[in-house]
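Shown below: structure-v7.cif, with mmCIF, C-alpha atoms and all ligand atoms.
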```cif
data_entry
#
loop_
_atom_site.group_PDB
_atom_site.id
_atom_site.type_symbol
_atom_site.label_atom_id
_atom_site.label_comp_id
_atom_site.auth_asym_id
_atom_site.auth_seq_id
_atom_site.Cartn_x
_atom_site.Cartn_y
_atom_site.Cartn_z
ATOM 1 C CA MET N 1 6.716 1.573 -17.483
ATOM 2 C CA ASP N 2 8.912 -1.351 -16.445
ATOM 3 C CA PHE N 3 9.092 -2.075 -12.739
ATOM 4 C CA GLN N 4 11.228 -4.617 -10.963
ATOM 5 C CA TYR N 5 9.816 -4.620 -7.434
ATOM 6 C CA ILE N 6 6.163 -3.788 -7.922
ATOM 7 C CA ARG N 7 3.342 -4.889 -10.195
ATOM 8 C CA VAL N 8 1.071 -2.166 -11.538
ATOM 9 C CA TYR N 9 -2.353 -2.941 -12.987
ATOM 10 C CA ARG N 10 -5.988 -1.893 -13.191
ATOM 11 C CA TYR N 11 -8.767 -3.698 -11.314
ATOM 12 C CA GLU N 12 -10.343 -5.846 -14.008
ATOM 13 C CA ALA N 13 -13.937 -5.364 -12.886
ATOM 14 C CA ASP N 14 -13.530 -1.585 -12.625
ATOM 15 C CA PRO N 15 -10.600 -0.004 -14.486
ATOM 16 C CA ARG N 16 -11.167 3.280 -12.644
ATOM 17 C CA VAL N 17 -9.289 1.570 -9.805
ATOM 18 C CA GLY N 18 -5.508 1.504 -10.143
ATOM 19 C CA ALA N 19 -3.613 -1.164 -8.221
ATOM 20 C CA VAL N 20 -0.035 -1.626 -7.091
ATOM 21 C CA GLN N 21 1.281 -4.857 -5.656
ATOM 22 C CA LEU N 22 4.526 -4.837 -3.707
ATOM 23 C CA ASN N 23 6.414 -7.641 -5.359
ATOM 24 C CA ARG N 24 9.492 -8.660 -3.427
ATOM 25 C CA PRO N 25 8.049 -11.768 -1.811
ATOM 26 C CA ASP N 26 11.387 -13.458 -0.984
ATOM 27 C CA LYS N 27 12.182 -10.506 1.314
ATOM 28 C CA LEU N 28 8.637 -10.157 2.690
ATOM 29 C CA ASN N 29 8.334 -6.989 0.585
ATOM 30 C CA ALA N 30 11.051 -5.172 2.547
ATOM 31 C CA LEU N 31 10.805 -1.574 1.393
ATOM 32 C CA SER N 32 14.150 -0.980 -0.276
ATOM 33 C CA LEU N 33 15.102 2.375 -1.803
ATOM 34 C CA PRO N 34 14.481 1.215 -5.403
ATOM 35 C CA LEU N 35 11.167 -0.386 -4.413
ATOM 36 C CA MET N 36 9.980 2.838 -2.790
ATOM 37 C CA ASP N 37 11.094 4.873 -5.813
ATOM 38 C CA GLU N 38 9.055 2.602 -8.049
ATOM 39 C CA LEU N 39 6.066 2.697 -5.726
ATOM 40 C CA ILE N 40 5.991 6.483 -5.519
ATOM 41 C CA THR N 41 6.425 6.791 -9.300
ATOM 42 C CA ALA N 42 3.532 4.398 -9.933
ATOM 43 C CA LEU N 43 1.179 5.998 -7.407
ATOM 44 C CA GLU N 44 1.904 9.500 -8.659
ATOM 45 C CA ALA N 45 1.289 8.325 -12.230
ATOM 46 C CA PHE N 46 -2.131 6.946 -11.228
ATOM 47 C CA ASP N 47 -2.818 10.168 -9.336
ATOM 48 C CA ALA N 48 -2.210 12.127 -12.542
ATOM 49 C CA GLU N 49 -4.251 9.779 -14.751
ATOM 50 C CA PRO N 50 -7.710 11.331 -15.266
ATOM 51 C CA ASP N 51 -9.611 8.051 -15.596
ATOM 52 C CA VAL N 52 -8.202 6.611 -12.358
ATOM 53 C CA ARG N 53 -10.433 7.501 -9.406
ATOM 54 C CA CYS N 54 -9.099 5.429 -6.543
ATOM 55 C CA MET N 55 -6.046 3.267 -5.818
ATOM 56 C CA VAL N 56 -5.333 0.038 -3.961
ATOM 57 C CA LEU N 57 -1.935 -0.942 -2.587
ATOM 58 C CA HIS N 58 -1.303 -4.513 -1.500
ATOM 59 C CA GLY N 59 1.360 -7.110 -0.919
ATOM 60 C CA ASN N 60 0.778 -10.836 -0.803
ATOM 61 C CA GLU N 61 -0.949 -13.104 1.724
ATOM 62 C CA ARG N 62 2.164 -13.567 3.863
ATOM 63 C CA ALA N 63 3.294 -9.963 3.971
ATOM 64 C CA PHE N 64 2.100 -6.500 3.131
ATOM 65 C CA ALA N 65 5.626 -5.365 4.005
ATOM 66 C CA ALA N 66 8.003 -6.364 6.809
ATOM 67 C CA GLY N 67 9.621 -2.953 7.079
ATOM 68 C CA ALA N 68 12.280 -0.787 5.543
ATOM 69 C CA ASP N 69 15.139 -2.842 4.134
ATOM 70 C CA ILE N 70 17.411 -3.647 7.089
ATOM 71 C CA ASP N 71 20.247 -4.741 4.777
ATOM 72 C CA GLU N 72 20.381 -1.248 3.274
ATOM 73 C CA MET N 73 20.615 0.417 6.681
ATOM 74 C CA ALA N 74 22.699 -1.978 8.762
ATOM 75 C CA GLN N 75 26.071 -0.344 8.019
ATOM 76 C CA ALA N 76 24.906 3.257 7.564
ATOM 77 C CA ASP N 77 25.913 6.060 9.910
ATOM 78 C CA SER N 78 23.794 9.057 10.878
ATOM 79 C CA VAL N 79 25.276 11.363 8.281
ATOM 80 C CA GLU N 80 24.638 8.846 5.563
ATOM 81 C CA MET N 81 21.029 8.375 6.742
ATOM 82 C CA LEU N 82 20.556 12.135 6.962
ATOM 83 C CA LEU N 83 21.893 12.690 3.459
ATOM 84 C CA ARG N 84 19.884 9.769 2.116
ATOM 85 C CA ASP N 85 16.791 11.145 3.886
ATOM 86 C CA GLN N 86 14.854 8.234 2.470
ATOM 87 C CA PHE N 87 11.674 8.670 4.499
ATOM 88 C CA ARG N 88 11.019 12.252 3.431
ATOM 89 C CA LYS N 89 9.823 11.145 0.040
ATOM 90 C CA TRP N 90 7.352 8.717 1.644
ATOM 91 C CA GLU N 91 5.291 11.806 2.471
ATOM 92 C CA ARG N 92 4.577 12.078 -1.255
ATOM 93 C CA ILE N 93 2.244 9.124 -0.698
ATOM 94 C CA ALA N 94 0.348 11.062 1.959
ATOM 95 C CA ALA N 95 0.124 13.956 -0.506
ATOM 96 C CA LEU N 96 -1.678 11.971 -3.236
ATOM 97 C CA LYS N 97 -4.952 13.622 -4.226
ATOM 98 C CA LYS N 98 -6.884 10.466 -4.952
ATOM 99 C CA PRO N 99 -7.867 8.014 -2.237
ATOM 100 C CA LEU N 100 -5.443 5.179 -1.607
ATOM 101 C CA ILE N 101 -6.581 2.009 0.157
ATOM 102 C CA ALA N 102 -4.108 -0.413 1.701
ATOM 103 C CA ALA N 103 -5.130 -4.078 1.531
ATOM 104 C CA VAL N 104 -3.084 -5.727 4.259
ATOM 105 C CA SER N 105 -2.514 -9.421 4.817
ATOM 106 C CA GLY N 106 0.212 -10.918 6.994
ATOM 107 C CA TYR N 107 3.012 -8.689 8.231
ATOM 108 C CA ALA N 108 2.692 -4.906 8.226
ATOM 109 C CA LEU N 109 5.727 -4.157 10.357
ATOM 110 C CA GLY N 110 7.926 -1.120 10.858
ATOM 111 C CA GLY N 111 7.938 0.735 7.554
ATOM 112 C CA GLY N 112 5.207 -1.638 6.384
ATOM 113 C CA CYS N 113 2.911 -0.459 9.162
ATOM 114 C CA GLU N 114 3.929 3.140 8.484
ATOM 115 C CA LEU N 115 3.221 2.698 4.773
ATOM 116 C CA ALA N 116 -0.234 1.278 5.524
ATOM 117 C CA MET N 117 -0.906 4.263 7.800
ATOM 118 C CA LEU N 118 0.093 6.658 5.005
ATOM 119 C CA CYS N 119 -2.827 5.259 3.040
ATOM 120 C CA ASP N 120 -6.319 6.693 3.544
ATOM 121 C CA MET N 121 -7.979 3.465 4.623
ATOM 122 C CA ILE N 122 -6.907 -0.047 5.501
ATOM 123 C CA VAL N 123 -8.742 -3.251 4.682
ATOM 124 C CA ALA N 124 -7.149 -6.088 6.639
ATOM 125 C CA SER N 125 -7.256 -9.832 6.260
ATOM 126 C CA ASP N 126 -7.803 -11.779 9.463
ATOM 127 C CA THR N 127 -4.128 -12.814 9.286
ATOM 128 C CA ALA N 128 -2.802 -9.243 9.317
ATOM 129 C CA GLN N 129 -0.343 -8.194 12.012
ATOM 130 C CA PHE N 130 0.642 -4.592 12.630
ATOM 131 C CA GLY N 131 3.633 -3.484 14.626
ATOM 132 C CA GLN N 132 6.614 -1.224 15.066
ATOM 133 C CA PRO N 133 9.366 -3.677 16.055
ATOM 134 C CA GLU N 134 12.279 -1.309 15.342
ATOM 135 C CA ILE N 135 13.124 -1.264 19.050
ATOM 136 C CA ASN N 136 14.232 -4.895 18.680
ATOM 137 C CA ILE N 137 16.920 -3.916 16.181
ATOM 138 C CA GLY N 138 18.238 -0.952 18.123
ATOM 139 C CA VAL N 139 16.296 1.870 16.513
ATOM 140 C CA MET N 140 12.798 3.381 16.451
ATOM 141 C CA PRO N 141 10.178 4.209 13.827
ATOM 142 C CA GLY N 142 11.394 6.796 11.331
ATOM 143 C CA ALA N 143 8.664 7.038 8.703
ATOM 144 C CA GLY N 144 5.829 8.429 10.788
ATOM 145 C CA GLY N 145 5.118 5.546 13.174
ATOM 146 C CA THR N 146 5.435 7.458 16.444
ATOM 147 C CA GLN N 147 3.202 10.236 15.117
ATOM 148 C CA ARG N 148 0.522 8.423 13.128
ATOM 149 C CA LEU N 149 0.178 5.530 15.576
ATOM 150 C CA THR N 150 -0.188 7.956 18.479
ATOM 151 C CA ARG N 151 -2.825 10.001 16.663
ATOM 152 C CA THR N 152 -4.808 6.857 15.897
ATOM 153 C CA LEU N 153 -4.378 4.738 19.013
ATOM 154 C CA GLY N 154 -3.651 7.346 21.664
ATOM 155 C CA LYS N 155 -0.512 7.790 23.711
ATOM 156 C CA ALA N 156 -0.581 4.802 26.042
ATOM 157 C CA LEU N 157 -0.985 2.093 23.447
ATOM 158 C CA ALA N 158 1.257 3.727 20.848
ATOM 159 C CA MET N 159 3.936 4.004 23.518
ATOM 160 C CA GLU N 160 3.555 0.319 24.370
ATOM 161 C CA LEU N 161 3.811 -0.814 20.767
ATOM 162 C CA VAL N 162 6.798 1.383 20.003
ATOM 163 C CA LEU N 163 8.682 0.507 23.203
ATOM 164 C CA THR N 164 7.945 -3.236 23.254
ATOM 165 C CA GLY N 165 7.615 -4.047 19.555
ATOM 166 C CA ARG N 166 4.424 -6.009 20.290
ATOM 167 C CA PHE N 167 2.265 -6.782 17.249
ATOM 168 C CA LEU N 168 -1.435 -5.969 17.004
ATOM 169 C CA SER N 169 -3.684 -8.621 15.514
ATOM 170 C CA ALA N 170 -6.121 -7.638 12.777
ATOM 171 C CA GLN N 171 -9.046 -7.817 15.215
ATOM 172 C CA GLU N 172 -7.269 -5.642 17.756
ATOM 173 C CA ALA N 173 -6.343 -3.150 15.024
ATOM 174 C CA TYR N 174 -9.988 -3.067 13.970
ATOM 175 C CA ARG N 175 -11.258 -2.487 17.521
ATOM 176 C CA LEU N 176 -8.771 0.353 17.929
ATOM 177 C CA GLY N 177 -9.719 2.088 14.698
ATOM 178 C CA LEU N 178 -6.455 1.489 12.862
ATOM 179 C CA VAL N 179 -8.205 -0.459 10.105
ATOM 180 C CA ASN N 180 -11.582 -0.078 8.436
ATOM 181 C CA ARG N 181 -12.545 -3.729 8.338
ATOM 182 C CA VAL N 182 -11.242 -7.247 8.825
ATOM 183 C CA VAL N 183 -12.321 -10.010 6.480
ATOM 184 C CA PRO N 184 -11.167 -13.579 5.802
ATOM 185 C CA VAL N 185 -7.854 -13.708 3.978
ATOM 186 C CA GLU N 186 -9.507 -15.342 0.962
ATOM 187 C CA ILE N 187 -11.478 -12.182 0.207
ATOM 188 C CA TYR N 188 -9.431 -9.300 1.580
ATOM 189 C CA LEU N 189 -8.328 -8.087 -1.849
ATOM 190 C CA GLN N 190 -11.812 -8.388 -3.245
ATOM 191 C CA GLU N 191 -13.101 -6.381 -0.284
ATOM 192 C CA ALA N 192 -10.497 -3.645 -0.804
ATOM 193 C CA PHE N 193 -11.323 -3.456 -4.503
ATOM 194 C CA ALA N 194 -15.059 -3.293 -3.770
ATOM 195 C CA LEU N 195 -14.447 -0.370 -1.415
ATOM 196 C CA ALA N 196 -12.228 1.327 -4.019
ATOM 197 C CA SER N 197 -14.843 0.766 -6.688
ATOM 198 C CA THR N 198 -17.536 2.376 -4.538
ATOM 199 C CA ILE N 199 -15.334 5.439 -4.081
ATOM 200 C CA ALA N 200 -14.493 5.435 -7.798
ATOM 201 C CA SER N 201 -18.218 5.748 -8.540
ATOM 202 C CA LYS N 202 -18.506 9.051 -6.610
ATOM 203 C CA PRO N 203 -17.999 12.553 -8.038
ATOM 204 C CA PRO N 204 -14.198 12.881 -8.246
ATOM 205 C CA ILE N 205 -13.767 16.543 -7.362
ATOM 206 C CA ALA N 206 -15.960 16.140 -4.285
ATOM 207 C CA VAL N 207 -13.950 13.034 -3.333
ATOM 208 C CA ARG N 208 -10.709 14.954 -3.712
ATOM 209 C CA LEU N 209 -11.788 17.967 -1.649
ATOM 210 C CA ALA N 210 -13.410 15.774 0.999
ATOM 211 C CA LYS N 211 -10.238 13.685 1.352
ATOM 212 C CA GLU N 212 -8.207 16.878 1.742
ATOM 213 C CA ALA N 213 -10.565 18.131 4.434
ATOM 214 C CA VAL N 214 -10.491 14.891 6.451
ATOM 215 C CA LEU N 215 -6.678 14.894 6.351
ATOM 216 C CA LYS N 216 -6.640 18.505 7.541
ATOM 217 C CA ALA N 217 -8.250 17.363 10.774
ATOM 218 C CA LEU N 218 -5.001 15.616 11.662
ATOM 219 C CA SER N 219 -2.746 18.587 11.112
ATOM 220 C CA THR N 220 -4.667 21.688 12.190
ATOM 221 C CA PRO N 221 -6.533 23.100 15.164
ATOM 222 C CA LEU N 222 -10.331 22.706 14.926
ATOM 223 C CA GLU N 223 -11.187 26.281 13.829
ATOM 224 C CA ILE N 224 -8.730 26.178 10.953
ATOM 225 C CA GLY N 225 -9.943 22.745 9.915
ATOM 226 C CA LEU N 226 -13.567 23.893 9.989
ATOM 227 C CA GLU N 227 -12.763 26.934 7.887
ATOM 228 C CA PHE N 228 -10.890 24.741 5.398
ATOM 229 C CA GLU N 229 -13.867 22.374 5.240
ATOM 230 C CA ARG N 230 -16.350 25.215 4.612
ATOM 231 C CA LYS N 231 -14.234 26.632 1.794
ATOM 232 C CA ASN N 232 -13.957 23.241 0.099
ATOM 233 C CA PHE N 233 -17.724 22.798 0.512
ATOM 234 C CA TYR N 234 -18.454 26.189 -1.091
ATOM 235 C CA LEU N 235 -15.926 25.469 -3.856
ATOM 236 C CA LEU N 236 -17.898 22.377 -4.885
ATOM 237 C CA PHE N 237 -20.810 24.652 -5.851
ATOM 238 C CA SER N 238 -18.892 25.677 -8.950
ATOM 239 C CA THR N 239 -18.704 22.080 -10.191
ATOM 240 C CA GLU N 240 -21.076 20.608 -12.747
ATOM 241 C CA ASP N 241 -21.275 17.519 -10.561
ATOM 242 C CA GLN N 242 -22.889 19.498 -7.732
ATOM 243 C CA LYS N 243 -25.628 20.757 -10.087
ATOM 244 C CA GLU N 244 -26.057 17.273 -11.512
ATOM 245 C CA GLY N 245 -26.058 15.541 -8.115
ATOM 246 C CA MET N 246 -28.684 17.830 -6.603
ATOM 247 C CA GLN N 247 -30.862 17.867 -9.738
ATOM 248 C CA ALA N 248 -30.700 14.080 -10.013
ATOM 249 C CA PHE N 249 -31.854 13.847 -6.394
ATOM 250 C CA GLN N 250 -34.799 16.161 -7.095
ATOM 251 C CA GLN N 251 -35.677 14.326 -10.301
ATOM 252 C CA LYS N 252 -35.385 10.965 -8.554
ATOM 253 C CA ARG N 253 -32.833 9.534 -11.006
ATOM 254 C CA PRO N 254 -29.220 8.339 -10.659
ATOM 255 C CA PRO N 255 -26.601 11.075 -11.213
ATOM 256 C CA GLN N 256 -24.149 11.032 -14.122
ATOM 257 C CA TRP N 257 -20.816 12.326 -12.852
ATOM 258 C CA ARG N 258 -18.606 14.231 -15.282
ATOM 259 C CA GLY N 259 -15.703 14.976 -12.977
ATOM 260 C CA ARG N 260 -16.029 18.678 -13.684
HETATM 261 N N1 LIG Y 301 14.595 -5.943 5.686
HETATM 262 C C1 LIG Y 301 15.320 -6.787 4.954
HETATM 263 N N2 LIG Y 301 15.031 -8.095 4.814
HETATM 264 C C2 LIG Y 301 13.962 -8.558 5.474
HETATM 265 C C3 LIG Y 301 13.154 -7.748 6.279
HETATM 266 C C4 LIG Y 301 13.507 -6.380 6.366
HETATM 267 N N3 LIG Y 301 12.781 -5.509 7.098
HETATM 268 N N4 LIG Y 301 12.162 -8.509 6.813
HETATM 269 C C5 LIG Y 301 12.352 -9.762 6.345
HETATM 270 N N5 LIG Y 301 13.432 -9.802 5.531
HETATM 271 C C6 LIG Y 301 13.974 -10.961 4.814
HETATM 272 C C7 LIG Y 301 14.724 -11.902 5.731
HETATM 273 O O1 LIG Y 301 16.036 -11.466 5.945
HETATM 274 C C8 LIG Y 301 14.665 -13.175 4.925
HETATM 275 O O2 LIG Y 301 15.595 -13.108 3.887
HETATM 276 P P1 LIG Y 301 16.537 -14.391 3.539
HETATM 277 O O3 LIG Y 301 15.561 -15.485 3.192
HETATM 278 O O4 LIG Y 301 17.361 -13.940 2.372
HETATM 279 O O5 LIG Y 301 17.307 -14.687 4.775
HETATM 280 C C9 LIG Y 301 13.287 -13.124 4.286
HETATM 281 O O6 LIG Y 301 12.914 -11.734 4.303
HETATM 282 C C10 LIG Y 301 12.233 -13.893 5.057
HETATM 283 O O7 LIG Y 301 12.219 -13.442 6.400
HETATM 284 P P2 LIG Y 301 12.404 -14.426 7.669
HETATM 285 O O8 LIG Y 301 12.894 -13.607 8.811
HETATM 286 O O9 LIG Y 301 13.213 -15.618 7.288
HETATM 287 O O10 LIG Y 301 10.882 -14.867 7.882
HETATM 288 P P3 LIG Y 301 10.212 -15.329 9.258
HETATM 289 O O11 LIG Y 301 8.866 -15.844 8.869
HETATM 290 O O12 LIG Y 301 11.121 -16.219 10.024
HETATM 291 O O13 LIG Y 301 10.033 -13.974 10.113
HETATM 292 C C11 LIG Y 301 9.457 -11.647 10.450
HETATM 293 C C12 LIG Y 301 9.191 -12.952 9.678
HETATM 294 C C13 LIG Y 301 8.624 -10.558 9.818
HETATM 295 C C14 LIG Y 301 9.059 -11.826 11.936
HETATM 296 C C15 LIG Y 301 10.966 -11.293 10.377
HETATM 297 O O14 LIG Y 301 11.371 -11.351 9.014
HETATM 298 C C16 LIG Y 301 11.316 -9.931 10.892
HETATM 299 O O15 LIG Y 301 11.365 -9.754 12.100
HETATM 300 N N6 LIG Y 301 11.580 -8.948 10.006
HETATM 301 C C17 LIG Y 301 12.019 -7.650 10.357
HETATM 302 C C18 LIG Y 301 10.878 -6.813 10.906
HETATM 303 C C19 LIG Y 301 11.394 -5.442 11.338
HETATM 304 O O16 LIG Y 301 12.153 -5.318 12.268
HETATM 305 N N7 LIG Y 301 10.981 -4.407 10.614
HETATM 306 C C20 LIG Y 301 11.394 -3.073 10.894
HETATM 307 C C21 LIG Y 301 12.552 -2.734 10.043
HETATM 308 S S1 LIG Y 301 13.142 -1.059 10.346
#
```
Please express the file's structure as structure tokens.
Amino acid sequence: MDFQYIRVYRYEADPRVGAVQLNRPDKLNALSLPLMDELITALEAFDAEPDVRCMVLHGNERAFAAGADIDEMAQADSVEMLLRDQFRKWERIAALKKPLIAAVSGYALGGGCELAMLCDMIVASDTAQFGQPEINIGVMPGAGGTQRLTRTLGKALAMELVLTGRFLSAQEAYRLGLVNRVVPVEIYLQEAFALASTIASKPPIAVRLAKEAVLKALSTPLEIGLEFERKNFYLLFSTEDQKEGMQAFQQKRPPQWRGR
């Protein structure tokens, strides 16, 4: 498929990892409508591709993404924004079945921060900056920022970031649990790919059901989440990979996953 605003490729060292690079560097990867359409199309295509097991999304060293495209919104009125409803389709990224890792360097602001939070994990370079600066341009987060930031950081800090527009450094984001790890900018992509490759080496159906169960914790009361988890756990006992994994353990040999 031909894309104008993203670059789609497989990780050379492990083609089970699909990668998408946001590729609008002159605009700090501002997330325009056509860019987001391309991104969602590419991620959903990887999600449907049987030999892809994990995905990495990244920008460039200067910017993961500096937000939704302000030029597209500057003149819009509420009715136009409502009819456009551009952020609804972002939830299709949260609905991907395969794990998606954001590799973030430089700016992850506004929609860029929200996009990173839609991913399952974040590997950050030591130059990464996270923030919701919409307040400085007369609006507020609209693609999940007030909800996902609050669930991750707690009310007080989320409130501060949303109301002041202050940026979090990579180290601060790490301490607060927003990102999985911080590494020097020279190796942040390599680190994200290594993490993706580790996940790609695991039994895919178990990965899928485990991801689903972890995400459930964010959207359900505990009892419902626990019941969901148990059912996914029991379901895995009808996979060949469960038989193989447990037998391989008993026979003291590495398992061969079949993804069935
Ligand atoms: N939407 C549209 N264009 C954007 C953008 C966005 N969210 N963020 C950056 N750009 C564009 C700039 O307009 C500029 O384009 P130009 O060269 O054609 O003028 C280009 O990207 C480079 O940005 P610039 O502001 O010159 O870089 P900087 O290093 O001086 O500042 C930022 C970097 C990130 C601090 C600044 O670009 C910024 O504040 N961006 C907006 C962040 C934001 O409010 N996001 C939430 C949007 S809802």
* Residue nearest ligand LIG 301 (chain Y) among N:Asn136, N:Thr41, N:Ser105, N:Ser238 (counting all atoms listed in the file) ->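 Going through N:Asn136, N:Thr41, N:Ser105, N:Ser238 one by one, the smallest distance to ligand LIG 301 (chain Y) is for N:Asn136.
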* To do: Run through the PyMOL selection byres (((chain N and resi 142) around 9) and not hetatm) on the given coordinates and return the selected residues as a PyMOL selection string.
  => chain N and resi 87+110-111+114+139-141+143-146
* Rank N:Pro99, N:Gly259, N:Gly225, N:Gly177 by their smallest atom-to-atom distance to N:Leu195, using only C-alpha atoms, and report the top residue only. => N:Pro99
* Answer key for the PyMOL selection byres (((not hetatm)) within 7 of (chain Y and resi 301)), residues as a list in words -> Asp26, Lys27, Leu28, Ala30, Ala66, Gly67, Ala68, Asp69, Ile70, Asp71, Tyr107, Leu109, Gly110, Gly111, Gln132, Pro133, Glu134, Asn136, Ile137 and Pro141 of chain N
Please put the answer as lines of an AutoDock Vina configuration file: centre and edge lengths, in Å with one decimal, of a box along x, y and z that encloses all listed atoms of stretch 229-245 of chain N plus 8 Å on each side.
```
center_x = -20.0
center_y = 21.1
center_z = -3.8
size_x = 28.2
size_y = 27.1
size_z = 34.0
```
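With all atoms listed in the file as the basis for measurement, N:Asp120 is the residue among N:Glu38, N:Glu227, N:Asp120, N:Asp14 that approaches N:Asn180 most closely.
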* Sphere at (-10.3, 12.5, 4.9), radius 12 Å, counting all atoms listed in the file: residues as a ChimeraX atom specification -> /N:94-100,118-121,206-219,225,229
For those residues, write C-alpha atoms to a file as a PDB file, keeping the file's coordinate frame.
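Everything below was put into part20.pdb:
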```
ATOM      1  CA  ALA N  94       0.348  11.062   1.959  1.00  0.00           C
ATOM      2  CA  ALA N  95       0.124  13.956  -0.506  1.00  0.00           C
ATOM      3  CA  LEU N  96      -1.678  11.971  -3.236  1.00  0.00           C
ATOM      4  CA  LYS N  97      -4.952  13.622  -4.226  1.00  0.00           C
ATOM      5  CA  LYS N  98      -6.884  10.466  -4.952  1.00  0.00           C
ATOM      6  CA  PRO N  99      -7.867   8.014  -2.237  1.00  0.00           C
ATOM      7  CA  LEU N 100      -5.443   5.179  -1.607  1.00  0.00           C
ATOM      8  CA  LEU N 118       0.093   6.658   5.005  1.00  0.00           C
ATOM      9  CA  CYS N 119      -2.827   5.259   3.040  1.00  0.00           C
ATOM     10  CA  ASP N 120      -6.319   6.693   3.544  1.00  0.00           C
ATOM     11  CA  MET N 121      -7.979   3.465   4.623  1.00  0.00           C
ATOM     12  CA  ALA N 206     -15.960  16.140  -4.285  1.00  0.00           C
ATOM     13  CA  VAL N 207     -13.950  13.034  -3.333  1.00  0.00           C
ATOM     14  CA  ARG N 208     -10.709  14.954  -3.712  1.00  0.00           C
ATOM     15  CA  LEU N 209     -11.788  17.967  -1.649  1.00  0.00           C
ATOM     16  CA  ALA N 210     -13.410  15.774   0.999  1.00  0.00           C
ATOM     17  CA  LYS N 211     -10.238  13.685   1.352  1.00  0.00           C
ATOM     18  CA  GLU N 212      -8.207  16.878   1.742  1.00  0.00           C
ATOM     19  CA  ALA N 213     -10.565  18.131   4.434  1.00  0.00           C
ATOM     20  CA  VAL N 214     -10.491  14.891   6.451  1.00  0.00           C
ATOM     21  CA  LEU N 215      -6.678  14.894   6.351  1.00  0.00           C
ATOM     22  CA  LYS N 216      -6.640  18.505   7.541  1.00  0.00           C
ATOM     23  CA  ALA N 217      -8.250  17.363  10.774  1.00  0.00           C
ATOM     24  CA  LEU N 218      -5.001  15.616  11.662  1.00  0.00           C
ATOM     25  CA  SER N 219      -2.746  18.587  11.112  1.00  0.00           C
ATOM     26  CA  GLY N 225      -9.943  22.745   9.915  1.00  0.00           C
ATOM     27  CA  GLU N 229     -13.867  22.374   5.240  1.00  0.00           C
TER      28      GLU N 229
END
```
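Taking atom CA of N:Tyr188 and atom CA of N:Leu176 as endpoints, the distance between them is 19.0 Å.
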* **Two-atom distance - atom CA of N:Ser169, atom CA of N:Met55 (Å)** =>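 These atoms are spaced 24.5 Å apart.
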* Selected by the PyMOL selection byres (((chain N and resi 13) around 12) and not hetatm) in the shown coordinates: which residues, as a ChimeraX atom specification? -> /N:9-12,14-18,190,193-194,196-198,200
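Across the model, the gap from atom CA of N:Phe249 to atom CA of N:Phe233 is 18.1 Å.
Among the candidates N:Leu157, N:Asn232, N:Phe237, N:Val123, the residue lying nearest to N:Ile187 is N:Val123 (atoms considered: all atoms listed in the file).
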* **N:Gln21 surroundings by all atoms listed in the file, 10 Å radius, close-in-sequence under 6 positions cut, as a ChimeraX atom specification** => /N:5-9,29,39,56-60,64,103
* Hey, what's within 8 Å of N:Pro184 if we count all atoms listed in the file and toss same-chain stuff fewer than 5 positions away? As a list in words, please? ->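 Non-adjacent residues within range: Ser125, Asp126 and Thr127 of chain N.
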